[in-house]
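Some notes on the structure that comes next.
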Amino acid sequence: MKLIIAIIKPFKLDDLRDALSKAGVHGLTVTEVKGFGRQKGHTELYRGAEYRVDFLPKLKLEIAVAAEQVDSVVETIQQVANTGKIGDGKIFVLDLLESIRIRTGERGSDAL
Amino acid sequence: MKLIIAIIKPFKLDDLRDALSKAGVHGLTVTEVKGFGRQKGHTELYRGAEYRVDFLPKLKLEIAVAAEQVDSVVETIQQVANTGKIGDGKIFVLDLLESIRIRTGERGSDAL
Amino acid sequence: MKLIIAIIKPFKLDDLRDALSKAGVHGLTVTEVKGFGRQKGHTELYRGAEYRVDFLPKLKLEIAVAAEQVDSVVETIQQVANTGKIGDGKIFVLDLLESIRIRTGERGSDAL
Amino acid sequence: METTAQILELSYALDTFYFLLSGALVMWMAAGFTMLESGMVRSKNTVEILVKNIGLYSIACIMYLLVGYNIMYSDSASSIIPTLSFLVSGDNSVEAVIAGGEDAPYYSDISDFFFQVVFVATAMSIISGAVAERMKLWSFFLFAVVMCAVIYPVQGYWSWGEGFLDDLGYSDYAGSGIVHMAGAAAALAGVLLLGPRKGKYGPDGSINAIPGANMPLATLGVFVLWLGWFGFNGGSELKVSDVESANAVAQVFANTNIAAAGGVVAALLFNRLLLGKADLTMALNGALAGLVSITAGPDTPTMFQALIIGSVGGVIAVLSILGLDRLRIDDPVGAISVHGTAGIFGVLAVLWTNPDATLSGQLIGLGVIFAWVFGVSLAVWALIKLAMGIRISEEEEYGGMDQTECGMEAYPEF
Amino acid sequence: METTAQILELSYALDTFYFLLSGALVMWMAAGFTMLESGMVRSKNTVEILVKNIGLYSIACIMYLLVGYNIMYSDSASSIIPTLSFLVSGDNSVEAVIAGGEDAPYYSDISDFFFQVVFVATAMSIISGAVAERMKLWSFFLFAVVMCAVIYPVQGYWSWGEGFLDDLGYSDYAGSGIVHMAGAAAALAGVLLLGPRKGKYGPDGSINAIPGANMPLATLGVFVLWLGWFGFNGGSELKVSDVESANAVAQVFANTNIAAAGGVVAALLFNRLLLGKADLTMALNGALAGLVSITAGPDTPTMFQALIIGSVGGVIAVLSILGLDRLRIDDPVGAISVHGTAGIFGVLAVLWTNPDATLSGQLIGLGVIFAWVFGVSLAVWALIKLAMGIRISEEEEYGGMDQTECGMEAYPEF
Amino acid sequence: METTAQILELSYALDTFYFLLSGALVMWMAAGFTMLESGMVRSKNTVEILVKNIGLYSIACIMYLLVGYNIMYSDSASSIIPTLSFLVSGDNSVEAVIAGGEDAPYYSDISDFFFQVVFVATAMSIISGAVAERMKLWSFFLFAVVMCAVIYPVQGYWSWGEGFLDDLGYSDYAGSGIVHMAGAAAALAGVLLLGPRKGKYGPDGSINAIPGANMPLATLGVFVLWLGWFGFNGGSELKVSDVESANAVAQVFANTNIAAAGGVVAALLFNRLLLGKADLTMALNGALAGLVSITAGPDTPTMFQALIIGSVGGVIAVLSILGLDRLRIDDPVGAISVHGTAGIFGVLAVLWTNPDATLSGQLIGLGVIFAWVFGVSLAVWALIKLAMGIRISEEEEYGGMDQTECGMEAYPEF
Ligand SMILES: Nc1ncnc2c1ncn2[C@@H]1O[C@H](COP(=O)(O)OP(=O)(O)O)[C@@H](O)[C@H]1O
Ligand SMILES: Nc1ncnc2c1ncn2[C@@H]1O[C@H](COP(=O)(O)OP(=O)(O)O)[C@@H](O)[C@H]1O
Ligand SMILES: Nc1ncnc2c1ncn2[C@@H]1O[C@H](COP(=O)(O)OP(=O)(O)O)[C@@H](O)[C@H]1O
């Protein structure tokens with residue numbers, strides 16, 4: 001099993017969830033994060049004092065998948081979350097040693 | 001060392017923290033996340049327009065533990081966070097190459 | 001490639017980002033988290049009822065780096081985020097199997 | 001002759017205008033309760049408490065128009081049982097006014113209705129805070145119908161409607177007992193049947209804090225109430241158009257203000273000494289308790305006496321809040337303490353400065369009002385419980401009432 | 001003789017004071033619109049809507065002083081074309097007042113200006129809600145200049161300024177048509193040119209909810225408006241200083257209140273039956289629709305009739321909101337429905353209780369006001385669109401107007 | 001004869017009622033300051049600022065009752081040193097009123113107290129904003145005691161209490177100098193001793209933005225203040241019951257309103273031209289600066305002149321805010337600029353429209369008030385600093401005052 005972590009632009013969430021469902025993903029976990037990267041932030045102004053906002057709102061998706069699903073899921077994310085503009089985000093793949101469903105105690109891919 | 005990631009129902013946090021303390025866990029990090037899975041969301045209605053809320057509030061716990069603790073910690077989480085109802089969440093186990101305590105520079109299990 | 005996870009005190013963010021930029025880190029992702037550990041929380045009082053706040057606000061930084069960068073990045077974090085006081089946080093290092101830039105499809109260190 | 005008529009007309013106009021503005025200020029108190037309560041509940045129950053408040057105000061206005069007002073100010077032969085009649089309309093003729101003399105009307109009847117109707121809404125608002133975060137919305141609305149149509153007006157008839165409490169010398173200027181304690185009595189009945197919020201009291205006897213979601217809103221609510229109270233007490237003089245009335249109204253304004261100030265400072269200091277912190281919510285409750293305490297007699301004390309009364313009221317409210325928690329009576333906003341306990345104190349405090357008030361009159365008044373409102377409310381709540389239930393399910397409570405009752409979130413983006 | 005003069009002076013003082021307080025209450029409505037709108041938009045557009053509201057109120061005051069008031073109350077020979085003149089100053093002399101008789105001024109001219117100026121601001125406030133979350137800030141301000149200087153005053157001249165609509169018997173006490181429907185007509189013109197917010201309507205015809213960020217603020221806004229409306233309608237009697245006027249003002253207060261209450265309850269029940277939930281925002285819109293509906297004639301109905309009028313208005317607003325969404329006319333706060341649809345109903349409802357009103361008079365009034373305001377507004381919006389654009393870019397809309405227009409966030413820490 | 005008495009009584013009633021309502025509106029300003037300040041600080045210091053505001057208002061009322069009022073309106077032989085006496089009570093008899101003539105009282109003394117007491121609270125509220133986010137709660141309260149009991153009343157005695165500033169012809173209608181600049185002077189003294197918030201100014205001379213947590217609340221606060229100001233300025237005519245007074249009050253209302261509007265528009269445009277953005281907080285400060293500027297003389301300008309005065313005031317406030325930041329004087333809400341700088345301008349602007357004012361009179365007034373309030377405040381702050389400290393520790397500042405001073409959070413769920 002692998003853990004796929006995707007950082008995406010927030011407005012892509014709904015499309016991506018639908019696409020992933022079709023690709024056989026039954027669950028995922030989303031976190032609101034702030035991203036810092038090549039994409040520039042913007043400048044705000046408060047009572048005459050400028051300040052840069054360098055951290056941009058992004059969403060982080062964590063998706064545990066069976067090894068054989070990795071490629072199709074990565075593929076799906078890359079296609080759907082892509083806008084072609086800077087700041088589209090990243091996909092990271094980590095090895096997942098074990099996964100357990102709390103409710104039933106099932107382990108491995110059955111738990112996903 | 002392993003990194004244990006647990007997605008749980010929010011109201012289980014206090015019980016779980018107490019149980020984990022007893023099981024010898026001295027630290028952990030919690031994130032508010034939104035989960036998507038088999039558990040159904042609910043429908044909201046705003047000015048006549050329905051919309052589904054598919055993402056449910058969950059908590060993500062990250063717990064770095066020494067290899068020998070993994071089983072007892074997973075066991076504890078599975079027991080305490082379990083309600084038997086759908087949506088109880090998952091436990092994921094990842095390999096942890098290194099861990100450092102920022103304050104002291106200690107490394108490995110000593111840093112936990 | 002490795003994924004470096006750092007839990008730090010929030011007010012260290014700006015300094016750390018600057019230091020990491022200098023150390024050649026071009027991107028990172030930040031999450032607001034609550035930490036539980038050796039650092040004590042505080043007691044609040046609401047209408048006569050006391051309650052302990054055990055979870056302290058921390059920031060979690062996730063930084064994907066090429067293998068050869070790991071040491072310098074860990075070093076930088078440890079130095080900059082260090083205040084010498086309890087609760088300074090942790091650095092965790094995980095193995096990163098793959099990383100993809102959504103915009104271009106680049107893979108590996110090129111994607112970082 | 002014509003001059004006299006003109007003066008009478010002008011007086012009538014001034015008194016009517018004074019009544020209407022006072023009523024508008026009391027209407028504004030509905031906003032105060034709404035903000036206070038929406039700040040003191042958790043965010044998941046905020047939409048529901050907003051609906052409850054704007055809904056109860058509206059129901060109060062409608063039910064009081066349909067029957068309540070006529071019950072309260074009926075021309076019944078019995079000083080206990082009022083007569084029933086419906087709707088209100090018509091107003092005084094110019095002739096009646098310029099006739100002058102003792103019996104001539106000196107302000108518009110409709111303005112009187114307007115001033116009275118907002119008082120019912122106040123009594124009802126008190127209840128919504130105490131039962132917050134766990135009572136079914138529509139059960140609450142049903143209770144509001146009965147409370148505003150019957151329960152409140154009947155005891156109002158006994159005192160302000162020239163019924164038997166009035167005869168017995170019960171003295172309650174603007175309603176520490178008739179409005180505030182009455183509201184608190186109905187709330188207490190509801191809370192007893194309803195039980196505390198899940199998680200409020202631990203099995204080991206521990207008392208858990210359930211912090212409100214939005215403190216600035218709660219504070220705003222108290223300022224709104226403080227302002228509205230100038231109408232509540234100030235309008236209760238019922239006349240402003242001569243020197244003595246004007247002086248009385250001025251005294252009432254100043255005493256109302258200083259009593260609230262005393263409540264704040266006393267509650268803050270007391271809390272600080274007792275618990276070590278400057279608890280905002282206790283200061284807010286202190287302000288309200290000061291206001292409630294002076295309401296039974298804001299005309300007779302000097303400002304210094306009013307300051308004392310308000311301060312004592314503030315301390316009493318803090319003690320009552322801590323005490324009720326020990327009794328496991330869960331009142332998220334402190335309504336029972338602020339309006340009930342301090343209300344009782346207020347009625348008794350009249351004895352200090354008003355020589356016309358008697359201990360027996362005040363005690364009988366309090367007893368009768370409490371017995372009636374608490375008793376009938378308990379019965380009504382129980383009936384509603386039987387018929388449709390009064391408490392939401394545990395799961396709904398956990399998920400929040402906004403989802404199940406209203407289908408929306410108060411702060412969807414945060 | 002001297003006594004008569006004193007009485008006239010006193011009457012003059014009372015009526016002026018009544019006018020000023022009514023005006024202050026209407027000014028307060030600006031805060032109500034601001035809170036309502038800032039609660040109903042998303043947090044990323046909140047600062048902008050705040051700037052828009054405080055800015056538009058200020059522009060309205062300035063433009064109406066510079067030219068608008070003189071247009072509206074000009075001494076033109078033509079009942080269609082007013083004359084143009086600038087600024088307002090001077091007031092009535094003591095002599096003119098104590099002369100007495102039909103033509104003697106009985107309140108301060110400046111107080112009249114103050115009362116009138118806040119009405120323009122109300123009309124303008126209606127617009128800002130409907131075009132929220134997508135219209136350029138400075139284009140909106142430019143429109144505000146034209147609206148308050150010319151568009152509103154000209155039709156105001158036709159009706160309240162004794163122009164031809166007045167001659168034709170158009171009866172609109174406090175402006176369901178002249179203020180509310182007029183504001184809604186200008187809003188509609190803007191919305192049609194502007195288009196809906198991105199994401200509001202799906203390509204498949206679906207209607208998506210875009211929940212507002214802060215429900216307690218929206219609710220506070222409605223309570224503020226409710227209170228302010230006592231000034232809006234209550235002040236429109238223009239006199240309080242004799243028995244008949246005082247009775248009329250009292251009737252207006254009571255009717256205004258009960259109509260709003262009816263609107264709330266009707267909207268809540270209707271929504272509950274139709275859609276199964278107690279939708280807070282519909283209850284809020286119901287309150288406002290009830291208020292708008294009674295505004296054209298709050299003096300003639302009994303309270304029970306006012307209750308009916310308000311209730312029907314509440315239901316109409318809900319239906320109108322659902323209907324406009326089906327027509328893909330995107331109005332984030334429901335302003336067009338609440339002020340426009342309910343405003344039309346209000347003008348027609350006058351026929352029920354006011355024998356002096358005629359169907360033709362009311363229909364012609366509505367038609368003329370709508371045609372004028374909608375037509376000219378459409379032209380002005382179009383010109384502004386040509387000159388500087390009216391809609392922000394898609395990217396700006398996605399990122400939120402607060403960033404691009406104002407450079408700051410409403411809730412930076414959440 | 002009897003008719004004359006009745007007219008005198010009626011006048012007395014109207015003037016008293018006018019006073020009380022004006023006072024209630026000024027009391028409402030306390031809510032405005034509270035909302036403004038709680039919106040402009042960070043969320044971690046919000047509960048504390050709420051406690052500070054409701055606490056200071058209460059302390060102001062109590063201290064002014066105990067000694068302040070008597071100092072300010074003492075019958076001292078010296079025009080510099082007032083006499084000391086305690087508490088206020090009693091009111092005018094009917095006989096005194098109907099005696100008529102120059103010296104007869106024409107409104108209730110208690111209503112006068114009520115109107116005056118809320119002014120002290122205003123002056124004190126100004127201070128809390130400037131020292132926000134870093135001053136110890138109880139040190140602040142201690143200062144409030146001295147300020148409201150002595151510092152403010154003594155200079156009030158010199159001007160409004162018929163002391164030597166009055167004799168020298170210092171003209172300050174409703175207190176641009178006596179209330180607003182005085183408050184700002186005390187604030188400045190506190191801020192100088194206190195130093196800026198940690199992180200506000202970088203070691204390299206950079207000025208960092210510390211955005212306030214809740215912009216809608218800040219905006220609401222300004223609307224509340226705007227409304228309250230009608231009482232502040234409108235009530236300061238002290239009489240409404242004849243044609244000239246009524247006209248004057250009307251002029252004051254209209255001028256107050258248009259000056260605020262001018263302040264908004266000028267600040268918005270100026271900020272837009274200077275910095276490119278429509279800065280909401282500058283618009284808000286502009287409104288307040290417009291109000292402060294007109295306060296010294298709202299009766300003599302035409303509306304157009306008032307518009308100019310308010311607009312200039314708005315620009316001055318923006319410049320002052322930018323300037324103070326350059327001087328590293330940290331004022332989170334802009335209180336010193338809005339009330340101090342614009343207050344000075346307001347006092348001088350009287351020279352433009354009021355022929356009775358003299359340059360020397362205005363300058364001496366400003367100088368004396370500033371010197372007294374600033375000097376004594378500095379001494380008092382310094383003493384408090386010695387005795388118990390005035391600044392929280394760096395760690396407390398980092399964690400937020402809500403935790404350490406109040407033990408609770410303003411928005412615990414977000
Ligand atoms: N090395 C990294 N480690 C972790 N997250 C990263 C890293 N680089 C970028 N990110 C995340 O990806 C987001 C997008 O990256 P950015 O460099 O702005 O554009 P792009 O994805 O087009 O290269 C960032 O906002 C950040 O959240
Ligand atoms: N494949 C997955 N990857 C990451 N998180 C998951 C995955 N599947 C489920 N989750 C998380 O676990 C939560 C519970 O899952 P769900 O399928 O609803 O019920 P259950 O845990 O009972 O199977 C989800 O809300 C989501 O946060
Ligand atoms: N075993 C752990 N797994 C995950 N996070 C941890 C662990 N231990 C500590 N942390 C995180 O590190 C933070 C700091 O830890 P703490 O024990 O308080 O102090 P120190 O870092 O000085 O040892 C905690 O608040 C928590 O977020």
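Residue numbers start at 1 in each chain; chains themselves are named A, B, ... in the order of the structure tokens; ligands are numbered from 1 in the order shown.
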Please identify all residues of chain C having at least one atom at most 9 Å from any atom of chain D, considering only C-alpha atoms, and return them as a compact mmCIF listing (two decimals) with C-alpha atoms, in the first residue's frame.
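And here is the file that came out, result_35.txt:
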```txt
# COMPACT_ATOMS: atom_id res chain seq x y z
CA LEU C 45 -12.00 29.48 33.45
CA TYR C 46 -15.46 29.96 32.04
CA ARG C 47 -18.29 30.98 34.31
CA GLY C 48 -16.61 29.45 37.31
CA ALA C 49 -15.77 26.12 35.70
CA GLU C 50 -12.09 25.45 35.14
CA TYR C 51 -10.86 23.58 32.16
```
Exercise for the section: Could you please extract the residues within 7 Å of ligand 1, counting only C-alpha atoms and all ligand atoms, and hand them back as a VMD selection string? Expected result: (chain A and resid 7 34 to 39 56 58 85 to 90) or (chain C and resid 25 to 29 62 to 65 101 to 103 111 to 112)
Using 8 Å as the limit and counting only C-alpha atoms, can you tabulate each residue of chain D that touches chain E, with its shortest atom-to-atom distance in Å and the two atoms involved, as JSON lines?
```
{"residue": "D:Thr3", "atom": "CA", "partner": "E:Thr4", "partner_atom": "CA", "distance": 6.9}
{"residue": "D:Gln6", "atom": "CA", "partner": "E:Ile7", "partner_atom": "CA", "distance": 7.5}
{"residue": "D:Ile7", "atom": "CA", "partner": "E:Ile7", "partner_atom": "CA", "distance": 7.2}
{"residue": "D:Glu9", "atom": "CA", "partner": "E:Asp242", "partner_atom": "CA", "distance": 5.0}
{"residue": "D:Leu10", "atom": "CA", "partner": "E:Ser241", "partner_atom": "CA", "distance": 5.5}
{"residue": "D:Tyr12", "atom": "CA", "partner": "E:Val243", "partner_atom": "CA", "distance": 6.4}
{"residue": "D:Ala13", "atom": "CA", "partner": "E:Ser241", "partner_atom": "CA", "distance": 5.1}
{"residue": "D:Leu14", "atom": "CA", "partner": "E:Ser241", "partner_atom": "CA", "distance": 7.2}
{"residue": "D:Thr16", "atom": "CA", "partner": "E:Ala246", "partner_atom": "CA", "distance": 6.4}
{"residue": "D:Phe17", "atom": "CA", "partner": "E:Ala246", "partner_atom": "CA", "distance": 7.1}
{"residue": "D:Leu20", "atom": "CA", "partner": "E:Ala250", "partner_atom": "CA", "distance": 6.7}
{"residue": "D:Ala24", "atom": "CA", "partner": "E:Leu227", "partner_atom": "CA", "distance": 6.6}
{"residue": "D:Met27", "atom": "CA", "partner": "E:Leu227", "partner_atom": "CA", "distance": 7.3}
{"residue": "D:Trp28", "atom": "CA", "partner": "E:Leu227", "partner_atom": "CA", "distance": 6.5}
{"residue": "D:Ala30", "atom": "CA", "partner": "E:Phe223", "partner_atom": "CA", "distance": 7.9}
{"residue": "D:Ala31", "atom": "CA", "partner": "E:Phe223", "partner_atom": "CA", "distance": 5.8}
{"residue": "D:Met35", "atom": "CA", "partner": "E:Pro216", "partner_atom": "CA", "distance": 7.2}
{"residue": "D:Ser38", "atom": "CA", "partner": "E:Pro216", "partner_atom": "CA", "distance": 6.9}
{"residue": "D:Thr46", "atom": "CA", "partner": "E:Pro216", "partner_atom": "CA", "distance": 7.6}
{"residue": "D:Val47", "atom": "CA", "partner": "E:Met215", "partner_atom": "CA", "distance": 6.7}
{"residue": "D:Glu48", "atom": "CA", "partner": "E:Leu280", "partner_atom": "CA", "distance": 7.9}
{"residue": "D:Leu50", "atom": "CA", "partner": "E:Pro216", "partner_atom": "CA", "distance": 7.0}
{"residue": "D:Val51", "atom": "CA", "partner": "E:Leu280", "partner_atom": "CA", "distance": 5.6}
{"residue": "D:Ile54", "atom": "CA", "partner": "E:Val264", "partner_atom": "CA", "distance": 7.5}
{"residue": "D:Gly55", "atom": "CA", "partner": "E:Val265", "partner_atom": "CA", "distance": 6.6}
{"residue": "D:Tyr57", "atom": "CA", "partner": "E:Ala261", "partner_atom": "CA", "distance": 7.4}
{"residue": "D:Ser58", "atom": "CA", "partner": "E:Ala261", "partner_atom": "CA", "distance": 4.1}
{"residue": "D:Ile59", "atom": "CA", "partner": "E:Ala261", "partner_atom": "CA", "distance": 7.1}
{"residue": "D:Cys61", "atom": "CA", "partner": "E:Ile258", "partner_atom": "CA", "distance": 6.5}
{"residue": "D:Ile62", "atom": "CA", "partner": "E:Ile258", "partner_atom": "CA", "distance": 6.8}
{"residue": "D:Leu65", "atom": "CA", "partner": "E:Met303", "partner_atom": "CA", "distance": 8.0}
{"residue": "D:Leu87", "atom": "CA", "partner": "E:Phe304", "partner_atom": "CA", "distance": 7.2}
{"residue": "D:Val88", "atom": "CA", "partner": "E:Met303", "partner_atom": "CA", "distance": 7.3}
{"residue": "D:Ser89", "atom": "CA", "partner": "E:Thr302", "partner_atom": "CA", "distance": 6.3}
{"residue": "D:Asp91", "atom": "CA", "partner": "E:Asn247", "partner_atom": "CA", "distance": 6.8}
{"residue": "D:Asn92", "atom": "CA", "partner": "E:Asn247", "partner_atom": "CA", "distance": 7.7}
{"residue": "D:Ser93", "atom": "CA", "partner": "E:Val243", "partner_atom": "CA", "distance": 7.7}
{"residue": "D:Val94", "atom": "CA", "partner": "E:Val243", "partner_atom": "CA", "distance": 5.9}
{"residue": "D:Val97", "atom": "CA", "partner": "E:Val243", "partner_atom": "CA", "distance": 7.7}
{"residue": "D:Ser108", "atom": "CA", "partner": "E:Asn247", "partner_atom": "CA", "distance": 5.6}
{"residue": "D:Ile110", "atom": "CA", "partner": "E:Ala250", "partner_atom": "CA", "distance": 5.7}
{"residue": "D:Ser111", "atom": "CA", "partner": "E:Ala250", "partner_atom": "CA", "distance": 5.0}
{"residue": "D:Phe113", "atom": "CA", "partner": "E:Ala254", "partner_atom": "CA", "distance": 7.8}
{"residue": "D:Phe114", "atom": "CA", "partner": "E:Ala254", "partner_atom": "CA", "distance": 5.6}
{"residue": "D:Glu405", "atom": "CA", "partner": "E:Lys277", "partner_atom": "CA", "distance": 6.1}
{"residue": "D:Cys406", "atom": "CA", "partner": "E:Ala278", "partner_atom": "CA", "distance": 4.7}
{"residue": "D:Gly407", "atom": "CA", "partner": "E:Lys277", "partner_atom": "CA", "distance": 6.2}
{"residue": "D:Met408", "atom": "CA", "partner": "E:Asp279", "partner_atom": "CA", "distance": 7.6}
{"residue": "D:Glu409", "atom": "CA", "partner": "E:Met215", "partner_atom": "CA", "distance": 7.9}
{"residue": "D:Ala410", "atom": "CA", "partner": "E:Met215", "partner_atom": "CA", "distance": 4.9}
{"residue": "D:Tyr411", "atom": "CA", "partner": "E:Asn214", "partner_atom": "CA", "distance": 5.1}
{"residue": "D:Pro412", "atom": "CA", "partner": "E:Ala213", "partner_atom": "CA", "distance": 5.9}
{"residue": "D:Glu413", "atom": "CA", "partner": "E:Ala213", "partner_atom": "CA", "distance": 6.0}
{"residue": "D:Phe414", "atom": "CA", "partner": "E:Phe414", "partner_atom": "CA", "distance": 6.2}
```
Practice task
Using only C-alpha atoms, find which residues of chain B lie within 12 Å of chain A and jot them down as a PyMOL selection string.
Solution key: chain B and resi 2-9+30-40+52-60+70-71+74-96
Problem - Members of chain C assigned helix (DSSP H, G or I) by DSSP, as a ChimeraX atom specification - result: /C:10-22,67-80,108-111
Exercise for the section: Assign secondary structure with DSSP using the backbone only, and return the residues of stretch 4-93 of chain B in strand (DSSP E or B) as a VMD selection string. Expected result: chain B and resid 4 to 8 28 to 36 42 to 46 49 to 53 56 to 65 90 to 93
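Proximity to E:Ala121 was assessed for E:Tyr173, E:Asp103, E:Glu95, E:Gly183 counting only C-alpha atoms; the smallest distance is recorded for E:Gly183.
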Problem - Point-to-point distance in Å for atom CA of E:Gly199 and atom CA of A:Ala23 - result: 25.2 Å
Handout entry: Atomic separation - atom CA of D:Leu168 relative to atom CA of D:Gln362, Å
Key = 9.0 Å
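Atom pair atom CA of A:Thr43 / atom CA of E:Glu396: separated by 14.0 Å.
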Excluding E:Thr353 and any residue of its chain fewer than 2 positions from it, enumerate the residues within 7 Å of it, using only C-alpha atoms, and give them as an mmCIF file with N, CA and C atoms, in the first residue's frame.
```cif
data_model
loop_
_atom_site.group_PDB
_atom_site.id
_atom_site.type_symbol
_atom_site.label_atom_id
_atom_site.label_comp_id
_atom_site.auth_asym_id
_atom_site.auth_seq_id
_atom_site.Cartn_x
_atom_site.Cartn_y
_atom_site.Cartn_z
ATOM 1 N N THR E 300 -53.557 53.119 7.772
ATOM 2 C CA THR E 300 -54.983 52.789 7.648
ATOM 3 C C THR E 300 -55.391 51.407 8.135
ATOM 4 N N PRO E 301 -54.549 50.365 8.077
ATOM 5 C CA PRO E 301 -55.026 49.053 8.537
ATOM 6 C C PRO E 301 -55.175 48.991 10.049
ATOM 7 N N VAL E 350 -52.430 48.682 -0.259
ATOM 8 C CA VAL E 350 -53.056 49.910 0.228
ATOM 9 C C VAL E 350 -54.534 49.945 -0.132
ATOM 10 N N LEU E 351 -54.834 49.374 -1.295
ATOM 11 C CA LEU E 351 -56.223 49.389 -1.774
ATOM 12 C C LEU E 351 -57.170 48.711 -0.794
ATOM 13 N N PRO E 355 -59.478 53.767 1.572
ATOM 14 C CA PRO E 355 -60.498 54.047 0.550
ATOM 15 C C PRO E 355 -60.064 55.142 -0.425
#
```
Practice task
Check the smallest atom-to-atom distance from each of A:Met1, A:His42, A:Ala19, A:Ser72 to ligand 2 using only C-alpha atoms and all ligand atoms, then report the winner.
Solution key: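 Of A:Met1, A:His42, A:Ala19, A:Ser72, the one nearest ligand 2, counting only C-alpha atoms and all ligand atoms, is A:Met1.
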